[in-house]
Every structure is written in C-alpha cells, then in structure tokens.
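S.K.: This is the structure I want to talk about, given as structure tokens.
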Amino acid sequence: MCGRYASTRSDSDLQAVFEIAETVGDEVPPSYNVAPTQTIRTVLERAPKHEPESDAVRQLRSVRWGLIPSWAKDAKIGSRLINARSETITEKPSFKKAASRRRCIIPADGYYEWEKRDGAKVPYFLHEQGVLAMAGLYELWRDPTKADDDEDRWVWSATVLTSPAADALGHIHDRSPVVLPPELRASWLDPTLTDLSEVSELLAAIPEPRLEPYEVSTA
C-alpha cells in the first residue's frame with residue numbers, strides 16, 4: 001500500500017513536468033510526510049469550470065487524499081480509501097465510476113513503506129529519478145451539510161492505485177503504487193477513454209516500476 005509519501009516539488013516544477021494548462025487551488029507546501037486526509041496536488045484532465053462543453057484541459061488541482069464516493073453519507077469513509085487495488089477498480093462500487101471517467105496522477109518524490117524485521121517495522125523510502133507519477137482516481141462528493149451557494153459544498157478527493165509489488169520490492173511490502181511511465185500518462189488521463197475493459201487493458205500495459213529503496217530513520 002502507500003500510506004505516506006514525500007512531495008516537495010513546486011507548482012512550477014509540476015507544471016513543466018506534466019505540461020499543465022490550468023492550475024486550480026492554492027499551492028500546497030512541501031512535505032516529506034504527506035498523510036491521509038491532507039490536501040495534495042493531483043494532475044487530471046477536465047473541461048474548465050465555466051466552459052463545461054469545451055475540450056478537457058490538463059489541470060494541476062488540490063484535492064483531499066482519501067476518496068469519498070459520490071454516494072457516501074459523510075466524508076469519514078475517505079480515510080479508509082487512501083488506496084485502491086488496481087485489479088478491482090473496474091468492479092468495486094467505490095471506484096468503478098471514477099475508473100471510467102475520473103482518473104488522475106498523484107505526483108510524488110517517493111513514498112515510504114515499512115519492512116517487518118526482527119519484531120520491528122523498519123521504514124524505507126522508495127523513489128526513482130525525477131517525479132514519481134502515481135496512478136490515481138478522483139471523485140467529487142456533495143457535502144449535504146453545506147448550502148447550495150457555498151463554494152465549498154463540493155469536496156474533491158483522490159486515491160492512489162496499488163498493485164502486487166515486484167520481486168525487488170516484495171520483501172519490503174507486498175503492494176506498491178502503480179507508477180505511470182511518461183508514454184502512458186496521456187492515455188491514463190484521457191477522459192474520453194470510458195470503457196472499463198479498455199481501462200483494464202491500459203492497467204495491464206503499465207510496466208513494473210524500477211524503484212530504488214533505501215532505509216531511513218523512524219523520524
């Protein structure tokens with residue numbers, strides 16, 4: 001799974017890496033310990049807010065980490081949906097609609113995982129050269145406690161997709177984030193790709209990440 005990650009790149013860095021056309025929300029401060037329910041930066045493609053009939057543009061947008069399904073009664077469920085198994089997102093009610101229409105990328109410097117060793121948990125930082133493009137899903141949830149004219153009535157949230165860890169990383173943890181190589185990022189973000197069987201085929205085409213793990217302190 002992915003329960004903590006580092007994100008220290010500035011908006012200008014991310015705009016350059018992901019060819020961003022529109023930036024939405026305030027810049028998120030750098031963090032070496034991003035935690036569930038915090039505000040994170042995501043990359044997605046969507047029509048501009050005031051031009052819903054226009055072509056989708058690539059956005060850098062702030063969302064909450066922990067997906068809240070549109071049918072949820074309250075936001076608490078999001079803290080349990082920080083990750084989604086890539087093998088089942090086209091089937092699970094919590095993720096099926098988002099898998100079809102609301103896919104995103106969650107940029108990271110790397111992420112943390114803990115290896116069980118001699119009765120203790122030893123933290124590792126896993127990364128690669130450049131920005132890690134973790135595949136994700138995003139969702140919009142209408143907060144029933146807020147008025148119709150409240151600008152904060154819609155909560156944007158996201159989850160990180162995971163898959164079985166490669167042999168090189170499996171000794172640390174049995175799951176790892178799905179990492180998108182540059183050549184598949186546009187296809188993953190494409191909102192016109194809505195057929196779930198094609199989404200499954202795209203996931204199957206994503207190669208195993210070549211991540212470098214190194215042990216870090218418990219701090």
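Lettering and numbering for the structure tokens are positional, with chains as A, B, ... in the shown order, residues counted from 1 in each chain, and ligands counted from 1 in the shown order.
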Find the residues of region 82-131 of chain A that sit at most 10 Å from region 39-53 of chain A; for each, write down the nearest two atoms and how far apart they are in Å, to one decimal. Count only C-alpha atoms. Sort by chain, then by number going up, and give it as CSV.
M.R.:
```
residue,atom,partner,partner_atom,distance
A:Arg101,CA,A:Arg46,CA,9.8
A:Arg102,CA,A:Leu44,CA,7.9
A:Arg103,CA,A:Leu44,CA,6.8
A:Cys104,CA,A:Leu44,CA,4.7
A:Ile105,CA,A:Val43,CA,5.0
A:Ile106,CA,A:Thr42,CA,4.8
A:Pro107,CA,A:Thr42,CA,6.6
A:Ala108,CA,A:Arg41,CA,9.3
```
S.K.: Suppose we keep all heavy atoms; can you now write the selection as a PDB file, in the first residue's frame?
M.R.:
```pdb
ATOM      1  N   ARG A 101     -14.227   7.492 -15.627  1.00  0.00           N
ATOM      2  CA  ARG A 101     -14.239   8.889 -16.070  1.00  0.00           C
ATOM      3  C   ARG A 101     -13.320   9.835 -15.304  1.00  0.00           C
ATOM      4  O   ARG A 101     -13.099  10.963 -15.733  1.00  0.00           O
ATOM      5  CB  ARG A 101     -15.670   9.431 -15.974  1.00  0.00           C
ATOM      6  CG  ARG A 101     -16.649   8.699 -16.869  1.00  0.00           C
ATOM      7  CD  ARG A 101     -18.040   9.271 -16.745  1.00  0.00           C
ATOM      8  NE  ARG A 101     -18.989   8.564 -17.605  1.00  0.00           N
ATOM      9  CZ  ARG A 101     -19.184   8.820 -18.892  1.00  0.00           C
ATOM     10  NH1 ARG A 101     -18.487   9.785 -19.471  1.00  0.00           N
ATOM     11  NH2 ARG A 101     -20.062   8.137 -19.599  1.00  0.00           N
ATOM     12  N   ARG A 102     -12.818   9.413 -14.153  1.00  0.00           N
ATOM     13  CA  ARG A 102     -12.076  10.358 -13.317  1.00  0.00           C
ATOM     14  C   ARG A 102     -10.753   9.754 -12.844  1.00  0.00           C
ATOM     15  O   ARG A 102     -10.571   9.454 -11.665  1.00  0.00           O
ATOM     16  CB  ARG A 102     -12.955  10.802 -12.131  1.00  0.00           C
ATOM     17  CG  ARG A 102     -14.108  11.700 -12.567  1.00  0.00           C
ATOM     18  CD  ARG A 102     -14.977  12.119 -11.410  1.00  0.00           C
ATOM     19  NE  ARG A 102     -15.792  11.019 -10.909  1.00  0.00           N
ATOM     20  CZ  ARG A 102     -16.950  10.633 -11.469  1.00  0.00           C
ATOM     21  NH1 ARG A 102     -17.399  11.236 -12.555  1.00  0.00           N
ATOM     22  NH2 ARG A 102     -17.632   9.636 -10.948  1.00  0.00           N
ATOM     23  N   ARG A 103      -9.834   9.613 -13.783  1.00  0.00           N
ATOM     24  CA  ARG A 103      -8.503   9.110 -13.457  1.00  0.00           C
ATOM     25  C   ARG A 103      -7.547  10.292 -13.310  1.00  0.00           C
ATOM     26  O   ARG A 103      -7.712  11.323 -13.963  1.00  0.00           O
ATOM     27  CB  ARG A 103      -8.019   8.142 -14.545  1.00  0.00           C
ATOM     28  CG  ARG A 103      -8.896   6.891 -14.664  1.00  0.00           C
ATOM     29  CD  ARG A 103      -8.410   5.966 -15.774  1.00  0.00           C
ATOM     30  NE  ARG A 103      -8.440   6.620 -17.081  1.00  0.00           N
ATOM     31  CZ  ARG A 103      -9.531   6.692 -17.852  1.00  0.00           C
ATOM     32  NH1 ARG A 103     -10.673   6.171 -17.454  1.00  0.00           N
ATOM     33  NH2 ARG A 103      -9.470   7.302 -19.030  1.00  0.00           N
ATOM     34  N   CYS A 104      -6.550  10.131 -12.488  1.00  0.00           N
ATOM     35  CA  CYS A 104      -5.617  11.231 -12.240  1.00  0.00           C
ATOM     36  C   CYS A 104      -4.218  10.690 -11.971  1.00  0.00           C
ATOM     37  O   CYS A 104      -3.995   9.482 -11.920  1.00  0.00           O
ATOM     38  CB  CYS A 104      -6.090  12.086 -11.049  1.00  0.00           C
ATOM     39  SG  CYS A 104      -6.087  11.219  -9.449  1.00  0.00           S
ATOM     40  N   ILE A 105      -3.299  11.610 -11.832  1.00  0.00           N
ATOM     41  CA  ILE A 105      -1.922  11.297 -11.432  1.00  0.00           C
ATOM     42  C   ILE A 105      -1.637  12.031 -10.132  1.00  0.00           C
ATOM     43  O   ILE A 105      -2.005  13.203  -9.979  1.00  0.00           O
ATOM     44  CB  ILE A 105      -0.916  11.743 -12.518  1.00  0.00           C
ATOM     45  CG1 ILE A 105      -1.027  10.844 -13.756  1.00  0.00           C
ATOM     46  CG2 ILE A 105       0.518  11.709 -11.984  1.00  0.00           C
ATOM     47  CD1 ILE A 105      -0.199  11.332 -14.941  1.00  0.00           C
ATOM     48  N   ILE A 106      -1.009  11.348  -9.206  1.00  0.00           N
ATOM     49  CA  ILE A 106      -0.598  11.956  -7.939  1.00  0.00           C
ATOM     50  C   ILE A 106       0.921  12.021  -7.938  1.00  0.00           C
ATOM     51  O   ILE A 106       1.594  10.994  -7.830  1.00  0.00           O
ATOM     52  CB  ILE A 106      -1.133  11.145  -6.747  1.00  0.00           C
ATOM     53  CG1 ILE A 106      -2.673  11.114  -6.806  1.00  0.00           C
ATOM     54  CG2 ILE A 106      -0.640  11.727  -5.426  1.00  0.00           C
ATOM     55  CD1 ILE A 106      -3.317  10.196  -5.798  1.00  0.00           C
ATOM     56  N   PRO A 107       1.492  13.222  -8.115  1.00  0.00           N
ATOM     57  CA  PRO A 107       2.950  13.355  -8.173  1.00  0.00           C
ATOM     58  C   PRO A 107       3.589  13.171  -6.797  1.00  0.00           C
ATOM     59  O   PRO A 107       3.041  13.602  -5.783  1.00  0.00           O
ATOM     60  CB  PRO A 107       3.160  14.787  -8.680  1.00  0.00           C
ATOM     61  CG  PRO A 107       1.805  15.267  -9.137  1.00  0.00           C
ATOM     62  CD  PRO A 107       0.819  14.508  -8.333  1.00  0.00           C
ATOM     63  N   ALA A 108       4.758  12.555  -6.770  1.00  0.00           N
ATOM     64  CA  ALA A 108       5.479  12.352  -5.512  1.00  0.00           C
ATOM     65  C   ALA A 108       6.974  12.296  -5.776  1.00  0.00           C
ATOM     66  O   ALA A 108       7.416  11.946  -6.877  1.00  0.00           O
ATOM     67  CB  ALA A 108       5.014  11.056  -4.832  1.00  0.00           C
TER      68      ALA A 108
END
```
S.K.: Taking the chain letters and numbering used in this document, name the residues of region 5-200 of chain A that DSSP puts in strand (DSSP E or B), as a short mmCIF file (atom, residue, chain, number, x, y, z; two decimals) with C-alpha atoms, in the first residue's frame.
M.R.:
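The result, written out as part_35.cif:
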```
data_model
loop_
_atom_site.label_atom_id
_atom_site.label_comp_id
_atom_site.auth_asym_id
_atom_site.auth_seq_id
_atom_site.Cartn_x
_atom_site.Cartn_y
_atom_site.Cartn_z
CA TYR A 5 4.80 9.87 0.70
CA ALA A 6 7.02 12.88 0.07
CA SER A 7 6.03 15.78 -2.16
CA GLU A 22 -4.65 25.27 -15.80
CA THR A 23 -3.79 25.42 -12.08
CA VAL A 24 -6.63 25.27 -9.55
CA SER A 31 6.13 17.91 2.80
CA TYR A 32 8.32 14.88 3.46
CA ASN A 33 5.46 13.13 5.26
CA VAL A 34 2.19 13.56 3.36
CA THR A 39 -4.64 18.33 0.83
CA ILE A 40 -2.49 17.10 -2.05
CA ARG A 41 -1.77 18.14 -5.63
CA THR A 42 -3.12 15.97 -8.46
CA VAL A 43 -2.92 16.09 -12.25
CA LEU A 44 -6.13 15.47 -14.20
CA GLU A 45 -7.88 16.40 -17.42
CA ARG A 46 -11.24 18.13 -17.26
CA VAL A 57 -7.54 20.68 -20.35
CA ARG A 58 -4.79 19.33 -18.15
CA GLN A 59 -5.12 20.70 -14.64
CA LEU A 60 -2.98 20.79 -11.52
CA ARG A 61 -5.59 20.70 -8.76
CA SER A 62 -5.75 20.44 -4.97
CA VAL A 63 -7.80 17.56 -3.56
CA ARG A 64 -8.13 15.63 -0.32
CA TRP A 65 -6.22 12.33 -0.02
CA ASN A 83 -5.50 3.26 -1.74
CA ALA A 84 -7.39 1.19 -4.30
CA ARG A 85 -6.35 -2.19 -5.67
CA ARG A 103 -8.50 9.11 -13.46
CA CYS A 104 -5.62 11.23 -12.24
CA ILE A 105 -1.92 11.30 -11.43
CA ILE A 106 -0.60 11.96 -7.94
CA PRO A 107 2.95 13.36 -8.17
CA ALA A 108 5.48 12.35 -5.51
CA ASP A 109 9.21 12.43 -4.84
CA GLY A 110 8.82 8.91 -3.50
CA TYR A 111 6.87 7.00 -0.88
CA TYR A 112 7.50 5.20 2.40
CA GLU A 113 6.98 1.58 3.27
CA TRP A 114 7.77 -0.42 6.38
CA GLU A 115 9.53 -3.78 6.42
CA LYS A 116 8.81 -6.15 9.29
CA ARG A 117 12.18 -7.17 10.69
CA ALA A 120 10.11 -4.18 14.49
CA LYS A 121 9.00 -2.10 11.50
CA VAL A 122 11.87 -0.57 9.53
CA PRO A 123 10.98 2.37 7.22
CA TYR A 124 12.21 2.63 3.65
CA PHE A 125 11.95 5.42 1.11
CA LEU A 126 11.25 4.22 -2.43
CA HIS A 127 11.88 6.52 -5.38
CA GLU A 128 13.18 6.85 -8.93
CA GLN A 129 14.85 9.57 -10.96
CA GLY A 130 12.53 12.54 -11.34
CA VAL A 131 8.92 12.82 -10.27
CA LEU A 132 7.03 9.64 -9.41
CA ALA A 133 3.69 9.67 -11.31
CA MET A 134 1.41 7.52 -9.17
CA ALA A 135 -1.81 6.47 -10.89
CA GLY A 136 -4.93 7.53 -9.04
CA LEU A 137 -8.67 8.13 -9.21
CA TYR A 138 -10.54 11.23 -8.13
CA GLU A 139 -14.12 11.87 -7.11
CA LEU A 140 -16.49 14.74 -6.31
CA TRP A 141 -18.73 14.48 -3.24
CA ARG A 142 -21.56 16.85 -2.38
CA TRP A 154 -18.18 20.01 -3.37
CA VAL A 155 -15.30 18.02 -1.90
CA TRP A 156 -12.66 16.75 -4.32
CA SER A 157 -10.80 13.64 -3.18
CA ALA A 158 -8.41 11.05 -4.60
CA THR A 159 -6.95 7.60 -4.02
CA VAL A 160 -3.63 6.01 -5.04
CA LEU A 161 -3.78 2.78 -7.06
CA THR A 162 -1.67 -0.15 -5.91
CA SER A 163 -0.60 -3.46 -7.43
CA PRO A 164 1.36 -6.50 -6.27
CA ARG A 175 1.89 -3.93 -2.50
CA SER A 176 3.28 -0.86 -4.25
CA PRO A 177 1.78 2.15 -6.05
CA VAL A 179 3.61 4.16 -11.40
#
```
S.K.: If we count only C-alpha atoms, what is near region 197-206 of chain A at a cut-off of 10 Å, once residues fewer than 2 positions away on the same chain are taken out, given as a ChimeraX atom specification?
M.R.: /A:86-90,99-101,103,135,163,178-181,183-185,187-188,193-195,208-209
S.K.: Give the alpha helix (DSSP H) residues of region 56-138 of chain A, as assigned by DSSP on the backbone, as a VMD selection string.
M.R.: chain A and resid 96 to 101
S.K.: Between A:Lys96, A:Ala21, A:Val28, A:Pro36, which residue has the minimum interatomic distance to Ile77 (chain A), considering only C-alpha atoms?
M.R.: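 Using only C-alpha atoms, the shortest distance to Ile77 (chain A) belongs to A:Pro36.
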S.K.: What does the structure give for the distance between CA of Ala165 (chain A) and CA of Pro207 (chain A), in Å to one decimal?
M.R.: 11.5 Å
S.K.: Set the distance at 8 Å and use only C-alpha atoms: which residues neighbour Gly78 (chain A) once local chain neighbours fewer than 2 positions away are removed? I'd like the list as a list in words.
M.R.: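 Surrounding residues, per the criterion: Thr37, Trp65, Gly66, Leu67, Ile68, Pro69, Ala75, Lys76, Arg80, Leu81, Ile82 and Ser157 of chain A.
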S.K.: Save out the residues we just selected, C-alpha atoms, as a JSON list (two decimals), in the first residue's frame.
M.R.:
```json
[["chain", "number", "residue", "atom", "x", "y", "z"],
["A", 37, "THR", "CA", -6.90, 13.31, 4.62],
["A", 65, "TRP", "CA", -6.22, 12.33, -0.02],
["A", 66, "GLY", "CA", -8.76, 9.59, 0.66],
["A", 67, "LEU", "CA", -11.50, 9.04, -1.91],
["A", 68, "ILE", "CA", -15.08, 9.85, -0.89],
["A", 69, "PRO", "CA", -17.55, 8.05, -3.20],
["A", 75, "ALA", "CA", -16.65, 12.17, 4.45],
["A", 76, "LYS", "CA", -15.32, 9.72, 7.05],
["A", 80, "ARG", "CA", -10.25, 4.19, 4.62],
["A", 81, "LEU", "CA", -9.96, 4.66, 0.85],
["A", 82, "ILE", "CA", -6.49, 6.19, 0.51],
["A", 157, "SER", "CA", -10.80, 13.64, -3.18]]
```
S.K.: Using only C-alpha atoms, find the one residue out of A:Ile172, A:Leu189, A:Arg4, A:Glu151 that sits nearest to Pro213 (chain A).
M.R.: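 Residue with the minimum atom-to-atom distance to Pro213 (chain A): A:Ile172.
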S.K.: So the first atom is CA of Ser94 (chain A) and the second is CA of Ala166 (chain A); what is the distance between them in Å, to one decimal place?
M.R.: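 Interatomic distance here is 26.1 Å.
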S.K.: Take CA of Thr145 (chain A) and CA of Gly3 (chain A) and report the distance between them in Å, one decimal.
M.R.: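 The value is 28.6 Å.
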